[in-house]
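In what follows, a single structure is set out as structure tokens and then discussed.
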Amino acid sequence: MNEIRVRDFGLFLISVFSLVIAGCASASGGEGMSRISGGAAGLNPRNTDNTRAAEDAIEAAQDAVVPNEAEELYAQARELAEAAIRADTLNPLAYRLAGIASIGTENYVDAGAYLEKAIELRPLYEFELVAVREQAWMNLYQQGTPYVQTGDYETATQFFEWANDIYKGRPEANVILGQIYAQLRDHDAAIANLNTAIAFAGSETMLQADSATANSWKEQLQPLPLLRAQVFADAGRFEQAVGTYRQLSAADPTDVELKRGLAAILMEIGEDAEATAVYIDMLEMSGLDSETLFSVGVGFYQSSDYRRAAEAFGKAAEASVNDRDAIEMWARSLQLDSAYSAIPAVAERWTELDPNSQNAWLILAQAANQNGDTETTQEVISVIESLSFTVSDLQLRRIGNGGAEVRGSLVNKNLKEGDAINLRFIFYADDGAPIGSVVETMTAGQVDMAQVFNLQFDSAEQVGGYGYTPG
């Protein structure tokens with residue numbers, strides 16, 4: 001279950017990040033307007049020799065064309081502003097200048113603290129400083145962007161954290177940080193940022209923003225409650241996750257992924273009856289893909305409802321006719337449900353895709369024996385005895401919108417150690433049309449020794465199923 005959630009975080013991060021970039025084009029002055037609405041100007045700024053010199057150094061730095069010169073001037077301005085603070089700890093101008101100079105020296109944590117103090121002493125500054133703070137926020141946001149795009153999330157977080165230190169009048173940095181920390185599985189940091197972003201939806205800044213900006217923010221904030229629930233679930237805090245899943249699923253009963261997540265969490269917390277009801281509801285829905293139907297089958301299988309598990313896995317094998325994993329679980333569910341008459345047709349499909357699976361042949365032999373088919377039983381036993389190696393533990397993992405990974409293990413039964421074993425894995429679309437193949441070559445180990453293998457299939461097409469032929 002964790003693998004599904006973590007994979008979802010990655011997809012979510014990519015898709016929402018593109019929205020965030022578009023949203024950066026529109027700025028809002030709402031934060032300053034909201035906090036000075038009471039009309040309290042606060043303490044008056046007081047010019048001193050140090051503040052005048054600091055202002056001169058900042059102006060010179062802004063006009064400088066040589067980067068090192070600008071940095072040196074900002075550093076001088078910061079020293080002068082800090083000297084002014086030491087001389088008068090209640091002078092809001094000194095803190096304002098120290099904050100602007102700290103932005104110039106890239107000391108963003110200090111810059112944020114200085115500017116907040118300036119606004120605390122003189123609330124009128126908040127409106128006056130909006131442009132400075134938001135521009136610094138945007139610069140940092142844009143600097144962090146390439147690191148997200150290259151997957152260097154840990155470096156990216158520093159820029160977005162700095163952006164939040166400077167300015168809290170936009171939600172995008174918290175949106176991105178919530179997603180990045182979810183991807184890194186830093187659950188507490190993810191939840192803290194998601195909570196901040198979600199709370200922004202009801203802020204005065206949101207209400208005062210122009211319609212284009214507000215709509216962009218709403219679009220970015222809308223998926224966050226679900227992501228927060230996914231983070232809770234990934235952290236094992238299922239009780240905190242299930243309430244959100246219930247609420248969201250009730251609001252959109254046609255959303256299959258919400259039902260899937262809700263049912264999985266209900267199983268985790270022991271609410272088997274409610275989970276089963278959700279799975280039954282899903283089983284009755286039309287148009288589900290094989291992967292979703294497989295997850296429904298797993299839910300029934302885990303709750304020992306093998307009849308419904310077989311139904312779900314059977315539907316998965318209808319949605320993708322060569323879904324080997326679904327066909328295997330279909331046969332196993334029928335076996336556990338003692339539905340022996342239905343097993344041969346399913347087990348034969350399994351052996352066609354997985355001819356060296358000893359388990360597939362054994363289940364077929366057992367069903368034939370239970371059905372009184374002595375001839376088939378003997379034929380299958382002969383096949384089992386003739387296997388020179390067996391394949392087991394096969395599992396397909398689809399990758400995004402195309403390609404797949406297959407894991408499994410192989411056991412040498414009677415081959416000479418060192419012999420080459422070739423398995424051609426064939427991948428299929430949902431309708432059974434082949435879309436490509438990969439040859440896995442292994443060297444036979446000692447008799448009865450298991451060897452694990454892992455192969456990758458690259459394709460632009462969605463993989464529906466797979467099988468192999470020994471060569």
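In the structure tokens, the first chain shown is A, the next is B, and so on; residue numbers restart at 1 for each chain, and ligands run from 1 in the order shown.
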
Which range 108-178 of chain A residues have any atom within 12 Å of an atom of range 63-80 of chain A, and for each, what is the nearest pair of atoms with distance in Å to one decimal, counting only C-alpha atoms, rows sorted by chain and number, as JSON lines?
```
{"residue": "A:Asp110", "atom": "CA", "partner": "A:Arg78", "partner_atom": "CA", "distance": 10.6}
{"residue": "A:Ala111", "atom": "CA", "partner": "A:Arg78", "partner_atom": "CA", "distance": 10.0}
{"residue": "A:Tyr114", "atom": "CA", "partner": "A:Arg78", "partner_atom": "CA", "distance": 10.7}
```

Take the residues just selected and output them with N, CA, C and O atoms as a CSV table (one decimal), in the first residue's frame.
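So the final result, stored in result.csv, reads:
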```csv
chain,number,residue,atom,x,y,z
A,110,ASP,N,17.3,35.7,8.4
A,110,ASP,CA,17.4,37.0,9.1
A,110,ASP,C,16.5,38.1,8.5
A,110,ASP,O,15.9,38.9,9.2
A,111,ALA,N,16.5,38.1,7.1
A,111,ALA,CA,15.7,39.1,6.4
A,111,ALA,C,14.3,39.0,6.8
A,111,ALA,O,13.6,40.0,7.1
A,114,TYR,N,13.8,40.3,10.4
A,114,TYR,CA,14.0,41.8,10.5
A,114,TYR,C,12.7,42.5,10.0
A,114,TYR,O,12.2,43.4,10.6
```

Next on the checklist: Which residues are near Asp255 in chain A? Cut-off 12 Å, only C-alpha atoms, ignore same chain within fewer than 3 positions. Put them as a PyMOL selection string.
Outcome noted: chain A and resi 245-246+248-252+258-262+278+281-282+285+288+292

Please produce a file of those selected residues containing all heavy atoms, as a short mmCIF file (atom, residue, chain, number, x, y, z; two decimals), in the first residue's frame.
```cif
data_model
loop_
_atom_site.label_atom_id
_atom_site.label_comp_id
_atom_site.auth_asym_id
_atom_site.auth_seq_id
_atom_site.Cartn_x
_atom_site.Cartn_y
_atom_site.Cartn_z
N TYR A 245 -10.72 10.73 3.88
CA TYR A 245 -11.11 9.84 2.79
C TYR A 245 -12.63 9.63 2.77
O TYR A 245 -13.25 9.65 1.71
CB TYR A 245 -10.40 8.50 2.91
CG TYR A 245 -9.10 8.44 2.16
CD1 TYR A 245 -7.88 8.57 2.81
CD2 TYR A 245 -9.08 8.26 0.78
CE1 TYR A 245 -6.68 8.51 2.12
CE2 TYR A 245 -7.89 8.20 0.07
CZ TYR A 245 -6.69 8.33 0.75
OH TYR A 245 -5.52 8.29 0.06
N ARG A 246 -13.21 9.45 3.94
CA ARG A 246 -14.67 9.27 3.99
C ARG A 246 -15.38 10.50 3.46
O ARG A 246 -16.33 10.41 2.67
CB ARG A 246 -15.10 9.01 5.44
CG ARG A 246 -14.85 7.59 5.94
CD ARG A 246 -15.32 7.46 7.36
NE ARG A 246 -15.20 6.11 7.89
CZ ARG A 246 -14.72 5.81 9.10
NH1 ARG A 246 -14.31 6.79 9.90
NH2 ARG A 246 -14.66 4.56 9.50
N LEU A 248 -14.23 12.97 1.46
CA LEU A 248 -14.02 13.22 0.04
C LEU A 248 -14.75 12.19 -0.82
O LEU A 248 -15.31 12.53 -1.86
CB LEU A 248 -12.52 13.18 -0.27
CG LEU A 248 -11.68 14.31 0.35
CD1 LEU A 248 -10.19 14.07 0.08
CD2 LEU A 248 -12.10 15.66 -0.21
N SER A 249 -14.77 10.94 -0.38
CA SER A 249 -15.45 9.90 -1.15
C SER A 249 -16.96 10.13 -1.15
O SER A 249 -17.63 9.90 -2.16
CB SER A 249 -15.12 8.52 -0.58
OG SER A 249 -15.69 7.50 -1.36
N ALA A 250 -17.49 10.57 -0.02
CA ALA A 250 -18.93 10.86 0.04
C ALA A 250 -19.30 12.02 -0.87
O ALA A 250 -20.37 12.03 -1.49
CB ALA A 250 -19.33 11.17 1.48
N ALA A 251 -18.38 12.99 -0.99
CA ALA A 251 -18.64 14.15 -1.84
C ALA A 251 -18.54 13.80 -3.32
O ALA A 251 -19.18 14.44 -4.16
CB ALA A 251 -17.66 15.28 -1.50
N ASP A 252 -17.73 12.79 -3.65
CA ASP A 252 -17.56 12.39 -5.05
C ASP A 252 -17.58 10.86 -5.13
O ASP A 252 -16.54 10.21 -5.25
CB ASP A 252 -16.25 12.94 -5.61
CG ASP A 252 -16.11 12.71 -7.11
OD1 ASP A 252 -17.03 12.11 -7.71
OD2 ASP A 252 -15.09 13.10 -7.69
N LEU A 258 -10.44 7.47 -4.77
CA LEU A 258 -10.83 7.78 -3.40
C LEU A 258 -11.37 6.53 -2.71
O LEU A 258 -11.04 6.25 -1.55
CB LEU A 258 -11.87 8.89 -3.39
CG LEU A 258 -11.38 10.31 -3.66
CD1 LEU A 258 -12.54 11.28 -3.73
CD2 LEU A 258 -10.37 10.75 -2.59
N LYS A 259 -12.21 5.79 -3.41
CA LYS A 259 -12.76 4.56 -2.83
C LYS A 259 -11.63 3.56 -2.56
O LYS A 259 -11.62 2.88 -1.52
CB LYS A 259 -13.79 3.94 -3.78
CG LYS A 259 -15.09 4.71 -3.89
CD LYS A 259 -16.06 3.99 -4.80
CE LYS A 259 -17.37 4.74 -4.97
NZ LYS A 259 -18.13 4.84 -3.70
N ARG A 260 -10.73 3.46 -3.48
CA ARG A 260 -9.62 2.52 -3.36
C ARG A 260 -8.77 2.86 -2.13
O ARG A 260 -8.42 1.98 -1.33
CB ARG A 260 -8.77 2.59 -4.63
CG ARG A 260 -7.61 1.62 -4.72
CD ARG A 260 -6.97 1.79 -6.09
NE ARG A 260 -5.76 1.01 -6.24
CZ ARG A 260 -5.04 0.97 -7.34
NH1 ARG A 260 -5.41 1.68 -8.39
NH2 ARG A 260 -3.95 0.24 -7.42
N GLY A 261 -8.44 4.14 -1.97
CA GLY A 261 -7.66 4.55 -0.81
C GLY A 261 -8.42 4.37 0.49
O GLY A 261 -7.86 3.92 1.50
N LEU A 262 -9.71 4.71 0.48
CA LEU A 262 -10.54 4.56 1.69
C LEU A 262 -10.60 3.10 2.11
O LEU A 262 -10.41 2.77 3.29
CB LEU A 262 -11.95 5.10 1.42
CG LEU A 262 -12.98 4.86 2.52
CD1 LEU A 262 -12.55 5.51 3.82
CD2 LEU A 262 -14.36 5.38 2.08
N VAL A 278 -17.15 -0.96 0.72
CA VAL A 278 -16.56 -0.09 -0.30
C VAL A 278 -16.11 -0.91 -1.50
O VAL A 278 -16.34 -0.54 -2.66
CB VAL A 278 -15.39 0.72 0.28
CG1 VAL A 278 -14.71 1.55 -0.82
CG2 VAL A 278 -15.86 1.65 1.40
N ASP A 281 -19.01 -1.96 -3.56
CA ASP A 281 -19.47 -0.82 -4.35
C ASP A 281 -18.59 -0.65 -5.59
O ASP A 281 -19.09 -0.42 -6.70
CB ASP A 281 -19.44 0.44 -3.50
CG ASP A 281 -20.11 1.62 -4.17
OD1 ASP A 281 -20.99 1.39 -5.01
OD2 ASP A 281 -19.75 2.77 -3.86
N MET A 282 -17.27 -0.79 -5.42
CA MET A 282 -16.35 -0.66 -6.55
C MET A 282 -16.56 -1.79 -7.56
O MET A 282 -16.50 -1.56 -8.77
CB MET A 282 -14.91 -0.67 -6.05
CG MET A 282 -14.51 0.55 -5.25
SD MET A 282 -12.81 0.45 -4.65
CE MET A 282 -11.90 0.57 -6.19
N MET A 285 -19.10 -1.09 -10.10
CA MET A 285 -18.89 0.04 -11.01
C MET A 285 -18.42 -0.47 -12.37
O MET A 285 -17.74 -1.50 -12.47
CB MET A 285 -17.86 1.01 -10.42
CG MET A 285 -18.29 1.64 -9.12
SD MET A 285 -17.00 2.69 -8.37
CE MET A 285 -17.04 4.10 -9.47
N LEU A 288 -13.91 0.02 -14.96
CA LEU A 288 -12.67 0.02 -14.18
C LEU A 288 -11.57 -0.69 -14.96
O LEU A 288 -11.81 -1.66 -15.67
CB LEU A 288 -12.88 -0.67 -12.83
CG LEU A 288 -13.94 -0.07 -11.91
CD1 LEU A 288 -13.92 -0.80 -10.57
CD2 LEU A 288 -13.72 1.42 -11.71
N THR A 292 -7.07 -1.40 -11.17
CA THR A 292 -8.01 -1.08 -10.10
C THR A 292 -8.78 -2.32 -9.66
O THR A 292 -8.96 -2.57 -8.46
CB THR A 292 -8.99 0.01 -10.56
OG1 THR A 292 -8.25 1.18 -10.94
CG2 THR A 292 -9.96 0.37 -9.45
#
```

Next on the checklist: When you look at range 333-341 of chain A with a cut-off of 7 Å (counting only C-alpha atoms), what residues show up, excluding the ones that are within fewer than 2 positions of it in the same chain? I need them as JSON, numbers by chain.
Outcome noted: {"A": [306, 307, 309, 310, 329, 330, 331, 343, 344, 367, 370, 371]}

Next on the checklist: Using only C-alpha atoms, which protein or nucleic acid residues come within 7 Å of Ala404 in chain A? Drop anything in the same chain fewer than 2 positions from it, and give the result as a ChimeraX atom specification.
Outcome noted: /A:396-399,402,406,456-458,463

Under the rule of at most 10 Å, produce a per-residue listing of range 213-247 of chain A near range 183-195 of chain A: chain, number, name, the closest pair of atoms, and the distance in Å, as a Markdown table, using only C-alpha atoms.
```
| residue | atom | partner | partner_atom | distance |
| --- | --- | --- | --- | --- |
| A:Leu221 | CA | A:Leu194 | CA | 9.0 |
| A:Leu224 | CA | A:Leu194 | CA | 6.6 |
| A:Pro225 | CA | A:Leu194 | CA | 7.9 |
| A:Leu227 | CA | A:Leu194 | CA | 8.2 |
| A:Arg228 | CA | A:Ile191 | CA | 6.2 |
| A:Ala229 | CA | A:Ile191 | CA | 9.1 |
| A:Val231 | CA | A:His187 | CA | 6.2 |
| A:Phe232 | CA | A:His187 | CA | 7.4 |
| A:Ala233 | CA | A:His187 | CA | 9.8 |
| A:Asp234 | CA | A:Arg185 | CA | 8.0 |
| A:Ala235 | CA | A:His187 | CA | 6.4 |
```

Please, could you write that set of residues out with C-alpha atoms as an mmCIF file, in the first residue's frame?
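Final output, out20.cif:
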```cif
data_model
loop_
_atom_site.group_PDB
_atom_site.id
_atom_site.type_symbol
_atom_site.label_atom_id
_atom_site.label_comp_id
_atom_site.auth_asym_id
_atom_site.auth_seq_id
_atom_site.Cartn_x
_atom_site.Cartn_y
_atom_site.Cartn_z
ATOM 1 C CA LEU A 221 -5.198 24.105 -3.212
ATOM 2 C CA LEU A 224 -4.310 19.187 -0.915
ATOM 3 C CA PRO A 225 -6.793 17.637 1.569
ATOM 4 C CA LEU A 227 -2.646 14.611 -0.316
ATOM 5 C CA ARG A 228 -2.656 15.338 3.417
ATOM 6 C CA ALA A 229 -4.749 12.215 3.989
ATOM 7 C CA VAL A 231 0.605 11.529 3.963
ATOM 8 C CA PHE A 232 -1.194 10.543 7.162
ATOM 9 C CA ALA A 233 -1.747 7.082 5.711
ATOM 10 C CA ASP A 234 1.865 6.767 4.556
ATOM 11 C CA ALA A 235 2.969 7.709 8.073
#
```

Item to check | range 87-93 of chain A environment, 12 Å, only C-alpha atoms, sequence neighbours closer than 2 positions dropped, as a ChimeraX atom specification | outcome: /A:41-52,54-55,80-85,95-100,114-126,129

Next on the checklist: Give me, as a PyMOL selection string, all polymer residues having an atom no more than 12 Å from Thr376 in chain A, counting only C-alpha atoms and skipping those fewer than 2 positions away in the same chain.
Outcome noted: chain A and resi 344+348+361-362+364-374+378-383

Next on the checklist: If DSSP is run on the backbone, what residues of range 105-296 of chain A are alpha helix (DSSP H)? A reply as a ChimeraX atom specification would be ideal.
Outcome noted: /A:108-121,124-149,153-166,172-184,187-200,204-208,211-221,224-234,238-251,256-268,272-283,290-296

Next on the checklist: Rounded to one decimal, what separation in Å do you get between CA of Glu318 in chain A and CA of Trp350 in chain A?
Outcome noted: 13.6 Å

Next on the checklist: Show me, as number ranges by chain, the residues that have an atom within 10 Å of Thr390 in chain A when counting only C-alpha atoms, minus same-chain residues fewer than 3 positions from it.
Outcome noted: A: 354-359, 384, 387, 409-413, 448, 450

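Counting only C-alpha atoms and comparing A:Ser388, A:Gln222, A:Thr276, A:Ser286, the residue that lies closest to Val298 in chain A is A:Thr276.
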
Checklist entry - When you draw a straight line from CA of Ala101 in chain A to CA of Ile58 in chain A, how long is it in Å? => result 6.7 Å
